[in-house]
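Engineer: Contents are PDB, C-alpha atoms; file name target.pdb:
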ATOM      1  CA  MET W 794     -37.492  68.046   4.546
ATOM      2  CA  ALA W 795     -35.330  65.252   3.228
ATOM      3  CA  LEU W 796     -35.773  66.526  -0.302
ATOM      4  CA  ARG W 797     -34.191  69.925   0.227
ATOM      5  CA  PHE W 798     -30.488  69.577   0.630
ATOM      6  CA  GLU W 799     -27.268  70.833  -0.833
ATOM      7  CA  VAL W 800     -23.780  69.421  -1.129
ATOM      8  CA  GLU W 801     -20.822  71.720  -1.220
ATOM      9  CA  VAL W 802     -17.208  70.709  -1.802
ATOM     10  CA  GLU W 803     -14.357  73.216  -1.536
ATOM     11  CA  GLY W 804     -16.834  76.086  -1.858
ATOM     12  CA  ARG W 805     -18.400  74.673  -5.009
ATOM     13  CA  LYS W 806     -22.085  73.732  -4.820
ATOM     14  CA  SER W 807     -23.121  70.651  -6.716
ATOM     15  CA  ASN W 808     -26.428  69.224  -7.713
ATOM     16  CA  PHE W 809     -27.064  65.794  -6.241
ATOM     17  CA  ALA W 810     -30.200  63.694  -6.340
ATOM     18  CA  GLU W 811     -29.511  61.666  -3.222
ATOM     19  CA  CYS W 812     -26.998  61.803  -0.449
ATOM     20  CA  ASP W 813     -26.139  59.885   2.694
ATOM     21  CA  VAL W 814     -25.620  61.926   5.784
ATOM     22  CA  PRO W 815     -22.007  61.294   6.832
ATOM     23  CA  LYS W 816     -21.947  58.829   9.707
ATOM     24  CA  THR W 817     -19.443  58.154  12.449
ATOM     25  CA  THR W 818     -19.264  55.224  14.837
ATOM     26  CA  ILE W 819     -17.469  54.587  18.086
ATOM     27  CA  THR W 820     -16.806  51.019  19.229
ATOM     28  CA  PRO W 821     -17.216  50.870  23.012
ATOM     29  CA  ILE W 822     -14.731  49.154  25.332
ATOM     30  CA  GLN W 823     -16.214  47.299  28.279
ATOM     31  CA  TYR W 824     -14.367  47.019  31.563
ATOM     32  CA  ARG W 825     -14.851  46.199  35.244
ATOM     33  CA  GLU W 826     -13.262  47.226  38.468
ATOM     34  CA  ALA W 827     -13.238  44.410  41.018
ATOM     35  CA  THR W 828     -13.912  46.528  44.102
ATOM     36  CA  GLY W 829     -16.568  48.800  42.706
ATOM     37  CA  THR W 830     -20.050  48.018  41.458
ATOM     38  CA  LEU W 831     -20.928  44.668  39.881
ATOM     39  CA  ASP W 832     -21.974  46.414  36.701
ATOM     40  CA  THR W 833     -19.845  46.205  33.588
ATOM     41  CA  LEU W 834     -18.747  49.692  32.683
ATOM     42  CA  ALA W 835     -18.209  51.044  29.222
ATOM     43  CA  ARG W 836     -16.100  53.796  27.807
ATOM     44  CA  PRO W 837     -15.707  54.988  24.231
ATOM     45  CA  GLY W 838     -13.072  53.178  22.178
ATOM     46  CA  THR W 839     -12.033  53.328  18.554
ATOM     47  CA  HIS W 840     -13.601  55.996  16.419
ATOM     48  CA  SER W 841     -14.389  55.284  12.742
ATOM     49  CA  ASN W 842     -16.035  57.205   9.939
ATOM     50  CA  GLU W 843     -18.243  55.279   7.559
ATOM     51  CA  PRO W 844     -18.017  55.853   3.815
ATOM     52  CA  PHE W 845     -20.973  57.869   2.507
ATOM     53  CA  THR W 846     -22.432  58.078  -0.974
ATOM     54  CA  LEU W 847     -23.602  61.029  -3.056
ATOM     55  CA  THR W 848     -25.727  60.274  -6.106
ATOM     56  CA  ARG W 849     -26.308  62.485  -9.115
ATOM     57  CA  ASN W 850     -27.222  62.257 -12.785
ATOM     58  CA  VAL W 851     -24.241  61.284 -14.909
ATOM     59  CA  VAL W 852     -22.340  64.264 -16.273
ATOM     60  CA  SER W 853     -19.191  64.726 -18.331
ATOM     61  CA  LYS W 854     -15.798  65.196 -16.730
ATOM     62  CA  ASP W 855     -15.886  67.762 -13.951
ATOM     63  CA  ALA W 856     -14.049  68.643 -10.744
ATOM     64  CA  PHE W 857     -15.396  65.534  -8.967
ATOM     65  CA  TRP W 858     -14.056  63.300 -11.698
ATOM     66  CA  ASP W 859     -10.624  64.986 -11.617
ATOM     67  CA  TRP W 860     -10.579  64.414  -7.874
ATOM     68  CA  ARG W 861     -11.386  60.729  -8.383
ATOM     69  CA  LYS W 862      -8.973  60.307 -11.300
ATOM     70  CA  ALA W 863      -6.043  61.554  -9.237
ATOM     71  CA  ILE W 864      -6.543  58.638  -6.855
ATOM     72  CA  MET W 865      -6.922  56.073  -9.638
ATOM     73  CA  ASP W 866      -3.692  57.346 -11.182
ATOM     74  CA  GLY W 867      -1.834  57.247  -7.862
ATOM     75  CA  VAL W 868      -1.198  60.008  -5.345
ATOM     76  CA  ASN W 869       1.488  60.963  -2.906
ATOM     77  CA  THR W 870      -0.426  59.848   0.176
ATOM     78  CA  GLY W 871       1.751  61.955   2.458
ATOM     79  CA  ASN W 872       0.592  65.112   0.723
ATOM     80  CA  ALA W 873      -3.073  65.098   1.766
ATOM     81  CA  SER W 874      -3.896  68.374   0.022
ATOM     82  CA  SER W 875      -3.274  66.733  -3.349
ATOM     83  CA  TYR W 876      -6.218  64.343  -3.044
ATOM     84  CA  LYS W 877      -8.281  65.216   0.030
ATOM     85  CA  LYS W 878     -11.030  67.810   0.027
ATOM     86  CA  SER W 879     -13.550  69.188   2.498
ATOM     87  CA  GLY W 880     -17.184  70.084   2.179
ATOM     88  CA  SER W 881     -20.601  69.985   3.746
ATOM     89  CA  VAL W 882     -24.105  68.595   3.444
ATOM     90  CA  THR W 883     -26.852  71.074   4.314
ATOM     91  CA  GLN W 884     -30.467  70.248   4.957
ATOM     92  CA  TYR W 885     -33.010  72.988   4.322
ATOM     93  CA  ASP W 886     -36.575  73.519   5.390
ATOM     94  CA  HIS W 887     -39.441  73.342   2.881
ATOM     95  CA  ASP W 888     -38.624  76.824   1.563
ATOM     96  CA  GLY W 889     -35.203  75.665   0.396
ATOM     97  CA  THR W 890     -33.370  78.485   2.156
ATOM     98  CA  SER W 891     -33.758  78.091   5.941
ATOM     99  CA  VAL W 892     -30.982  75.866   7.204
ATOM    100  CA  ILE W 893     -32.171  73.048   9.487
ATOM    101  CA  ALA W 894     -28.929  71.107   9.826
ATOM    102  CA  ARG W 895     -25.444  71.011   8.410
ATOM    103  CA  TRP W 896     -22.753  68.361   8.514
ATOM    104  CA  ASN W 897     -19.175  69.173   7.641
ATOM    105  CA  PHE W 898     -16.729  66.622   6.349
ATOM    106  CA  LYS W 899     -13.011  67.272   6.191
ATOM    107  CA  ASP W 900     -10.114  65.613   4.384
ATOM    108  CA  ALA W 901     -12.261  63.294   2.284
ATOM    109  CA  PHE W 902     -11.326  61.290  -0.786
ATOM    110  CA  ILE W 903     -13.453  59.348  -3.266
ATOM    111  CA  SER W 904     -13.171  55.608  -2.763
ATOM    112  CA  GLU W 905     -15.768  54.360  -5.230
ATOM    113  CA  TRP W 906     -17.329  55.620  -8.440
ATOM    114  CA  LYS W 907     -20.186  53.622  -9.800
ATOM    115  CA  ILE W 908     -22.444  54.313 -12.762
ATOM    116  CA  ASP W 909     -25.802  52.628 -12.577
ATOM    117  CA  PRO W 910     -28.283  51.284 -13.500
ATOM    118  CA  ASP W 911     -26.690  49.082 -16.186
ATOM    119  CA  LEU W 912     -26.976  50.225 -19.775
ATOM    120  CA  ASP W 913     -29.850  48.302 -21.272
ATOM    121  CA  GLY W 914     -31.563  48.849 -24.607
ATOM    122  CA  SER W 915     -34.928  48.233 -22.980
ATOM    123  CA  GLY W 916     -34.189  50.195 -19.809
ATOM    124  CA  ASN W 917     -36.111  53.315 -18.879
ATOM    125  CA  GLU W 918     -34.188  55.006 -16.111
ATOM    126  CA  ILE W 919     -31.984  58.024 -15.586
ATOM    127  CA  LEU W 920     -28.319  57.089 -15.630
ATOM    128  CA  LYS W 921     -26.801  57.950 -12.267
ATOM    129  CA  GLU W 922     -23.332  58.042 -10.819
ATOM    130  CA  ARG W 923     -22.787  57.070  -7.210
ATOM    131  CA  ILE W 924     -19.782  58.722  -5.630
ATOM    132  CA  THR W 925     -18.659  57.177  -2.361
ATOM    133  CA  MET W 926     -16.204  59.027  -0.189
ATOM    134  CA  VAL W 927     -14.563  58.605   3.174
ATOM    135  CA  ALA W 928     -13.579  61.532   5.396
ATOM    136  CA  ASP W 929     -11.078  61.853   8.237
ATOM    137  CA  VAL W 930     -13.334  64.252  10.151
ATOM    138  CA  ILE W 931     -17.130  64.390  10.263
ATOM    139  CA  GLU W 932     -18.892  66.927  12.438
ATOM    140  CA  LYS W 933     -22.375  68.308  12.883
ATOM    141  CA  ALA W 934     -21.977  72.029  12.321
ATOM    142  CA  GLU W 935     -25.506  73.389  12.721
TER     143      GLU W 935
ATOM    144  CA  MET I 293     -25.269  70.804 -15.783
ATOM    145  CA  ALA I 294     -26.949  73.453 -17.880
ATOM    146  CA  ASP I 295     -30.692  73.844 -17.499
ATOM    147  CA  ASP I 296     -31.467  73.003 -21.109
ATOM    148  CA  GLU I 297     -29.610  69.714 -20.920
ATOM    149  CA  ARG I 298     -31.640  66.610 -20.226
ATOM    150  CA  PRO I 299     -30.086  63.934 -18.050
ATOM    151  CA  TYR I 300     -28.866  60.793 -19.814
ATOM    152  CA  THR I 301     -30.953  57.647 -19.719
ATOM    153  CA  ASN I 302     -29.700  54.075 -19.485
ATOM    154  CA  ASN I 303     -31.193  52.966 -22.817
ATOM    155  CA  LYS I 304     -29.164  55.017 -25.325
ATOM    156  CA  PHE I 305     -25.591  53.868 -25.726
ATOM    157  CA  ARG I 306     -23.137  52.241 -28.096
ATOM    158  CA  LEU I 307     -19.960  50.267 -27.764
ATOM    159  CA  GLU I 308     -16.610  50.380 -29.516
ATOM    160  CA  LEU I 309     -13.869  47.764 -29.364
ATOM    161  CA  GLU I 310     -10.495  48.962 -30.650
ATOM    162  CA  GLY I 311     -12.318  51.794 -32.422
ATOM    163  CA  GLN I 312     -14.740  49.446 -34.202
ATOM    164  CA  GLU I 313     -18.397  49.773 -33.372
ATOM    165  CA  LEU I 314     -20.052  46.603 -32.142
ATOM    166  CA  LYS I 315     -23.613  46.323 -33.386
ATOM    167  CA  TYR I 316     -26.748  45.046 -31.672
ATOM    168  CA  VAL I 317     -25.525  45.528 -28.123
ATOM    169  CA  LYS I 318     -28.354  44.840 -25.733
ATOM    170  CA  ARG I 319     -26.772  45.427 -22.380
ATOM    171  CA  VAL I 320     -23.512  46.626 -20.848
ATOM    172  CA  THR I 321     -22.834  46.206 -17.146
ATOM    173  CA  GLY I 322     -20.001  46.910 -14.729
ATOM    174  CA  MET I 323     -19.120  50.593 -14.720
ATOM    175  CA  ASP I 324     -17.597  50.663 -11.277
ATOM    176  CA  SER I 325     -14.184  51.417  -9.796
ATOM    177  CA  LYS I 326     -13.348  50.807  -6.158
ATOM    178  CA  THR I 327     -10.369  51.979  -4.166
ATOM    179  CA  ASP I 328      -9.545  50.170  -0.934
ATOM    180  CA  VAL I 329      -9.711  52.428   2.092
ATOM    181  CA  LYS I 330      -6.781  51.928   4.443
ATOM    182  CA  GLU I 331      -6.910  53.095   8.030
ATOM    183  CA  LEU I 332      -3.794  54.708   9.374
ATOM    184  CA  ARG I 333      -4.032  54.558  13.144
ATOM    185  CA  VAL I 334      -1.204  56.109  15.090
ATOM    186  CA  GLY I 335      -0.987  56.697  18.822
ATOM    187  CA  ASN I 336      -1.153  60.459  18.941
ATOM    188  CA  LYS I 337      -3.833  61.334  16.366
ATOM    189  CA  PRO I 338      -7.365  60.373  15.355
ATOM    190  CA  VAL I 339      -7.714  57.846  12.548
ATOM    191  CA  GLU I 340      -6.630  58.888   9.071
ATOM    192  CA  TYR I 341      -7.959  57.272   5.897
ATOM    193  CA  ARG I 342      -5.759  56.700   2.886
ATOM    194  CA  PRO I 343      -6.387  55.155  -0.528
ATOM    195  CA  GLY I 344      -5.135  51.639  -1.292
ATOM    196  CA  LYS I 345      -5.331  49.731  -4.539
ATOM    197  CA  THR I 346      -8.047  50.371  -7.103
ATOM    198  CA  THR I 347      -9.967  47.566  -8.768
ATOM    199  CA  TYR I 348     -12.523  47.664 -11.539
ATOM    200  CA  ALA I 349     -15.714  45.675 -11.892
ATOM    201  CA  ASP I 350     -15.909  43.199 -14.770
ATOM    202  CA  VAL I 351     -17.562  44.668 -17.834
ATOM    203  CA  SER I 352     -20.062  42.364 -19.467
ATOM    204  CA  ILE I 353     -21.330  42.892 -22.977
ATOM    205  CA  GLU I 354     -24.552  41.227 -24.014
ATOM    206  CA  ARG I 355     -25.339  41.270 -27.695
ATOM    207  CA  PHE I 356     -28.207  39.983 -29.804
ATOM    208  CA  ILE I 357     -27.155  37.256 -32.232
ATOM    209  CA  VAL I 358     -28.984  38.546 -35.290
ATOM    210  CA  ASP I 359     -26.071  38.685 -37.728
ATOM    211  CA  LYS I 360     -22.879  36.758 -38.418
ATOM    212  CA  ASP I 361     -20.596  39.107 -36.498
ATOM    213  CA  GLN I 362     -17.977  36.896 -34.826
ATOM    214  CA  THR I 363     -16.073  39.624 -32.935
ATOM    215  CA  LEU I 364     -16.845  38.463 -29.420
ATOM    216  CA  LYS I 365     -16.654  34.737 -30.129
ATOM    217  CA  LYS I 366     -13.370  35.120 -32.018
ATOM    218  CA  TRP I 367     -11.790  37.120 -29.218
ATOM    219  CA  TRP I 368     -12.851  34.493 -26.706
ATOM    220  CA  ASP I 369     -11.458  31.685 -28.892
ATOM    221  CA  GLU I 370      -8.119  33.472 -29.336
ATOM    222  CA  TYR I 371      -7.872  33.966 -25.605
ATOM    223  CA  ARG I 372      -8.694  30.327 -24.947
ATOM    224  CA  GLU I 373      -5.925  29.292 -27.301
ATOM    225  CA  GLY I 374      -3.499  31.225 -25.105
ATOM    226  CA  LYS I 375      -2.690  34.253 -27.236
ATOM    227  CA  THR I 376      -2.877  36.628 -24.272
ATOM    228  CA  LYS I 377      -0.518  39.134 -25.842
ATOM    229  CA  VAL I 378      -2.586  39.825 -28.917
ATOM    230  CA  THR I 379      -5.986  39.773 -27.315
ATOM    231  CA  ARG I 380      -5.803  42.531 -24.705
ATOM    232  CA  LYS I 381      -8.107  45.238 -26.054
ATOM    233  CA  SER I 382      -9.314  48.724 -25.295
ATOM    234  CA  GLY I 383     -12.763  50.024 -25.914
ATOM    235  CA  SER I 384     -15.305  52.694 -25.223
ATOM    236  CA  ILE I 385     -18.769  52.716 -23.786
ATOM    237  CA  ILE I 386     -20.524  55.772 -25.194
ATOM    238  CA  VAL I 387     -23.683  57.069 -23.597
ATOM    239  CA  LEU I 388     -25.786  58.767 -26.259
ATOM    240  CA  LYS I 389     -27.933  61.853 -26.191
ATOM    241  CA  ASP I 390     -31.614  61.797 -27.158
ATOM    242  CA  ASP I 391     -30.754  62.307 -30.842
ATOM    243  CA  TYR I 392     -28.298  59.345 -30.708
ATOM    244  CA  SER I 393     -25.278  61.601 -31.009
ATOM    245  CA  ASP I 394     -22.324  60.852 -28.734
ATOM    246  CA  GLY I 395     -22.645  62.112 -25.181
ATOM    247  CA  LEU I 396     -20.447  60.779 -22.444
ATOM    248  CA  ARG I 397     -17.544  58.507 -23.340
ATOM    249  CA  LEU I 398     -16.095  55.965 -20.920
ATOM    250  CA  ASN I 399     -12.880  54.295 -22.007
ATOM    251  CA  PHE I 400     -11.723  50.950 -20.719
ATOM    252  CA  GLU I 401      -8.242  49.559 -21.151
ATOM    253  CA  GLY I 402      -6.471  46.226 -20.962
ATOM    254  CA  ALA I 403      -9.600  44.133 -21.362
ATOM    255  CA  LEU I 404      -9.304  40.360 -21.426
ATOM    256  CA  PRO I 405     -12.203  37.973 -21.934
ATOM    257  CA  LYS I 406     -13.136  36.035 -18.844
ATOM    258  CA  ASP I 407     -16.295  34.198 -19.741
ATOM    259  CA  TYR I 408     -18.350  33.641 -22.877
ATOM    260  CA  ASN I 409     -21.884  32.423 -22.982
ATOM    261  CA  SER I 410     -24.218  32.186 -25.926
ATOM    262  CA  GLY I 411     -27.268  31.068 -23.998
ATOM    263  CA  ASN I 412     -29.577  28.180 -24.713
ATOM    264  CA  ARG I 413     -32.113  27.710 -27.425
ATOM    265  CA  SER I 414     -35.634  26.648 -26.936
ATOM    266  CA  ALA I 415     -38.283  26.109 -29.569
ATOM    267  CA  MET I 416     -40.825  27.794 -27.332
ATOM    268  CA  GLN I 417     -38.641  30.764 -26.561
ATOM    269  CA  ASP I 418     -39.845  33.540 -28.812
ATOM    270  CA  GLU I 419     -36.959  35.934 -28.182
ATOM    271  CA  TYR I 420     -33.780  36.834 -29.972
ATOM    272  CA  PRO I 421     -30.851  34.851 -28.568
ATOM    273  CA  THR I 422     -27.936  36.743 -27.085
ATOM    274  CA  GLU I 423     -24.261  36.152 -26.460
ATOM    275  CA  THR I 424     -22.482  37.554 -23.411
ATOM    276  CA  LEU I 425     -18.786  38.208 -23.067
ATOM    277  CA  VAL I 426     -17.455  39.134 -19.645
ATOM    278  CA  LEU I 427     -14.296  41.236 -19.631
ATOM    279  CA  GLN I 428     -11.758  41.792 -16.942
ATOM    280  CA  ILE I 429     -10.475  45.354 -17.284
ATOM    281  CA  GLU I 430      -7.486  47.321 -16.014
ATOM    282  CA  LYS I 431      -8.878  50.823 -16.132
ATOM    283  CA  LEU I 432     -12.163  52.637 -16.704
ATOM    284  CA  ILE I 433     -12.063  56.388 -17.178
ATOM    285  CA  LYS I 434     -14.229  59.201 -18.438
ATOM    286  CA  ALA I 435     -12.702  60.484 -21.664
TER     287      ALA I 435
END
Could you render the structure as structure tokens?
Structural biologist:
Amino acid sequence: MALRFEVEVEGRKSNFAECDVPKTTITPIQYREATGTLDTLARPGTHSNEPFTLTRNVVSKDAFWDWRKAIMDGVNTGNASSYKKSGSVTQYDHDGTSVIARWNFKDAFISEWKIDPDLDGSGNEILKERITMVADVIEKAE
Amino acid sequence: MADDERPYTNNKFRLELEGQELKYVKRVTGMDSKTDVKELRVGNKPVEYRPGKTTYADVSIERFIVDKDQTLKKWWDEYREGKTKVTRKSGSIIVLKDDYSDGLRLNFEGALPKDYNSGNRSAMQDEYPTETLVLQIEKLIKA
């Protein structure tokens, strides 16, 4: 069920309302060999990880914000442990406990922090924060 | 979040400029910070992502013109006259709880006006007019 999922970062479980499943892409390279078949062959080329977004109700300062703030203030990019964290997204069955799938992300940092919708005196929505992160490693664990 | 805490809504908020509350604010937009993602591709390792520069979305403040408060207009006029040094301001966007007490506070720094618009008037338009000031900001943080 898409509605039963859990996000965990550095062992800490957090309550999110929506989350993208981390996605990776590989750009293929096409090539030919003159003496072989006439078909164009393909092999995997560059590997990229797409940014993915976690959405939750706005809360006060917490560990996620501290993680984000470090990057806004400037980090020593050579020292990955100072600003990169690992975690996982787990999808559960309808009972909320049986694991259907799990994706692990490693060495991720937060690249965007957006609060929406806009504040509006005549609005009638829950204020959300959208946390976008990019990870060096994304793998399907279960 | 504790169980007895209700999530914030987008319709309860107030705004402070240099510690002074601005009244009759209708709408505040632009609570967004983006950090460029730089790819570090070297020959002997998979790709590594690193943070680049961070930019902030413009904050726009829309306010009903129902009193003679000249704060926004004055700031815009000062800026237009070239007094950049005196007109850079800080402020806070405060999201309020259900009882209108302060909840979450977002502080912005180094704001400069970018655009001012006080709308049009129409005899058939039965709505309160508003003025909008768009601000370019240097930082937006949770306080």
Engineer: Could you please tell me, as a PyMOL selection string, which residues of chain W have an atom within 10 Å of chain I when using all atoms listed in the file?
Structural biologist: chain W and resi 807-808+839-842+844+849-855+858-859+861-862+864-868+870-871+873+876-877+900-923+925-930
Engineer: Write the residues you've just listed into a file as a PDB file, in the frame of the given file, and include C-alpha atoms for each of them.
Structural biologist:
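The resulting file, result_38.pdb, is shown below:
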ATOM      1  CA  SER W 807     -23.121  70.651  -6.716  1.00  0.00           C
ATOM      2  CA  ASN W 808     -26.428  69.224  -7.713  1.00  0.00           C
ATOM      3  CA  THR W 839     -12.033  53.328  18.554  1.00  0.00           C
ATOM      4  CA  HIS W 840     -13.601  55.996  16.419  1.00  0.00           C
ATOM      5  CA  SER W 841     -14.389  55.284  12.742  1.00  0.00           C
ATOM      6  CA  ASN W 842     -16.035  57.205   9.939  1.00  0.00           C
ATOM      7  CA  PRO W 844     -18.017  55.853   3.815  1.00  0.00           C
ATOM      8  CA  ARG W 849     -26.308  62.485  -9.115  1.00  0.00           C
ATOM      9  CA  ASN W 850     -27.222  62.257 -12.785  1.00  0.00           C
ATOM     10  CA  VAL W 851     -24.241  61.284 -14.909  1.00  0.00           C
ATOM     11  CA  VAL W 852     -22.340  64.264 -16.273  1.00  0.00           C
ATOM     12  CA  SER W 853     -19.191  64.726 -18.331  1.00  0.00           C
ATOM     13  CA  LYS W 854     -15.798  65.196 -16.730  1.00  0.00           C
ATOM     14  CA  ASP W 855     -15.886  67.762 -13.951  1.00  0.00           C
ATOM     15  CA  TRP W 858     -14.056  63.300 -11.698  1.00  0.00           C
ATOM     16  CA  ASP W 859     -10.624  64.986 -11.617  1.00  0.00           C
ATOM     17  CA  ARG W 861     -11.386  60.729  -8.383  1.00  0.00           C
ATOM     18  CA  LYS W 862      -8.973  60.307 -11.300  1.00  0.00           C
ATOM     19  CA  ILE W 864      -6.543  58.638  -6.855  1.00  0.00           C
ATOM     20  CA  MET W 865      -6.922  56.073  -9.638  1.00  0.00           C
ATOM     21  CA  ASP W 866      -3.692  57.346 -11.182  1.00  0.00           C
ATOM     22  CA  GLY W 867      -1.834  57.247  -7.862  1.00  0.00           C
ATOM     23  CA  VAL W 868      -1.198  60.008  -5.345  1.00  0.00           C
ATOM     24  CA  THR W 870      -0.426  59.848   0.176  1.00  0.00           C
ATOM     25  CA  GLY W 871       1.751  61.955   2.458  1.00  0.00           C
ATOM     26  CA  ALA W 873      -3.073  65.098   1.766  1.00  0.00           C
ATOM     27  CA  TYR W 876      -6.218  64.343  -3.044  1.00  0.00           C
ATOM     28  CA  LYS W 877      -8.281  65.216   0.030  1.00  0.00           C
ATOM     29  CA  ASP W 900     -10.114  65.613   4.384  1.00  0.00           C
ATOM     30  CA  ALA W 901     -12.261  63.294   2.284  1.00  0.00           C
ATOM     31  CA  PHE W 902     -11.326  61.290  -0.786  1.00  0.00           C
ATOM     32  CA  ILE W 903     -13.453  59.348  -3.266  1.00  0.00           C
ATOM     33  CA  SER W 904     -13.171  55.608  -2.763  1.00  0.00           C
ATOM     34  CA  GLU W 905     -15.768  54.360  -5.230  1.00  0.00           C
ATOM     35  CA  TRP W 906     -17.329  55.620  -8.440  1.00  0.00           C
ATOM     36  CA  LYS W 907     -20.186  53.622  -9.800  1.00  0.00           C
ATOM     37  CA  ILE W 908     -22.444  54.313 -12.762  1.00  0.00           C
ATOM     38  CA  ASP W 909     -25.802  52.628 -12.577  1.00  0.00           C
ATOM     39  CA  PRO W 910     -28.283  51.284 -13.500  1.00  0.00           C
ATOM     40  CA  ASP W 911     -26.690  49.082 -16.186  1.00  0.00           C
ATOM     41  CA  LEU W 912     -26.976  50.225 -19.775  1.00  0.00           C
ATOM     42  CA  ASP W 913     -29.850  48.302 -21.272  1.00  0.00           C
ATOM     43  CA  GLY W 914     -31.563  48.849 -24.607  1.00  0.00           C
ATOM     44  CA  SER W 915     -34.928  48.233 -22.980  1.00  0.00           C
ATOM     45  CA  GLY W 916     -34.189  50.195 -19.809  1.00  0.00           C
ATOM     46  CA  ASN W 917     -36.111  53.315 -18.879  1.00  0.00           C
ATOM     47  CA  GLU W 918     -34.188  55.006 -16.111  1.00  0.00           C
ATOM     48  CA  ILE W 919     -31.984  58.024 -15.586  1.00  0.00           C
ATOM     49  CA  LEU W 920     -28.319  57.089 -15.630  1.00  0.00           C
ATOM     50  CA  LYS W 921     -26.801  57.950 -12.267  1.00  0.00           C
ATOM     51  CA  GLU W 922     -23.332  58.042 -10.819  1.00  0.00           C
ATOM     52  CA  ARG W 923     -22.787  57.070  -7.210  1.00  0.00           C
ATOM     53  CA  THR W 925     -18.659  57.177  -2.361  1.00  0.00           C
ATOM     54  CA  MET W 926     -16.204  59.027  -0.189  1.00  0.00           C
ATOM     55  CA  VAL W 927     -14.563  58.605   3.174  1.00  0.00           C
ATOM     56  CA  ALA W 928     -13.579  61.532   5.396  1.00  0.00           C
ATOM     57  CA  ASP W 929     -11.078  61.853   8.237  1.00  0.00           C
ATOM     58  CA  VAL W 930     -13.334  64.252  10.151  1.00  0.00           C
TER      59      VAL W 930
END
Engineer: Do you know which residues are at most 12 Å from stretch 414-420 of chain I counting all atoms listed in the file, after dropping those on the same chain fewer than 2 positions away, and could you put them as a list in words?
Structural biologist: Tyr316, Lys318, Glu354, Arg355, Phe356, Ile357, Val358, Asp359, Ser410, Gly411, Asn412, Thr422 and Glu423 of chain I
Engineer: Using all atoms listed in the file, pick whichever of I:Leu364, I:Leu404, I:Leu427, I:Val334 has the shortest atom-to-atom distance to I:Arg380.
Structural biologist: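 Under the stated criterion, the closest residue is I:Leu404.
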Engineer: Just want the 8 Å neighbourhood of W:Phe798, counted on all atoms listed in the file, with same-chain residues fewer than 5 positions away dropped. Output as a PyMOL selection string.
Structural biologist: chain W and resi 882-885+889
Engineer: Mind pulling up the distance from atom CA of I:Val351 to atom CA of I:Glu370?
Structural biologist: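 Separation between atom CA of I:Glu370 and atom CA of I:Val351: 18.6 Å.
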Engineer: Would you pick out the contacts of stretch 820-827 of chain W at 7 Å or less, using all atoms listed in the file, so that residues sharing its chain but fewer than 2 positions from it are not included, and give the list as a short mmCIF file (atom, residue, chain, number, x, y, z; two decimals) with C-alpha atoms, in the frame of the given file?
Structural biologist:
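Here's the written file out-v5.cif:
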data_model
loop_
_atom_site.label_atom_id
_atom_site.label_comp_id
_atom_site.auth_asym_id
_atom_site.auth_seq_id
_atom_site.Cartn_x
_atom_site.Cartn_y
_atom_site.Cartn_z
CA THR W 818 -19.26 55.22 14.84
CA GLY W 829 -16.57 48.80 42.71
CA THR W 833 -19.84 46.20 33.59
CA LEU W 834 -18.75 49.69 32.68
CA ALA W 835 -18.21 51.04 29.22
CA ARG W 836 -16.10 53.80 27.81
CA PRO W 837 -15.71 54.99 24.23
CA GLY W 838 -13.07 53.18 22.18
CA THR W 839 -12.03 53.33 18.55
CA HIS W 840 -13.60 56.00 16.42
#
Engineer: Selected by the PyMOL selection byres ((chain W and resi 894) around 7) in the shown coordinates: which residues, as a PyMOL selection string?
Structural biologist: chain W and resi 883-884+892-893+895-896+935
Engineer: Could you state the separation of atom CA of I:Asp407 and atom CA of I:Ile429 in Å, given to one decimal place?
Structural biologist: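 Atom CA of I:Ile429 lies 12.8 Å from atom CA of I:Asp407.
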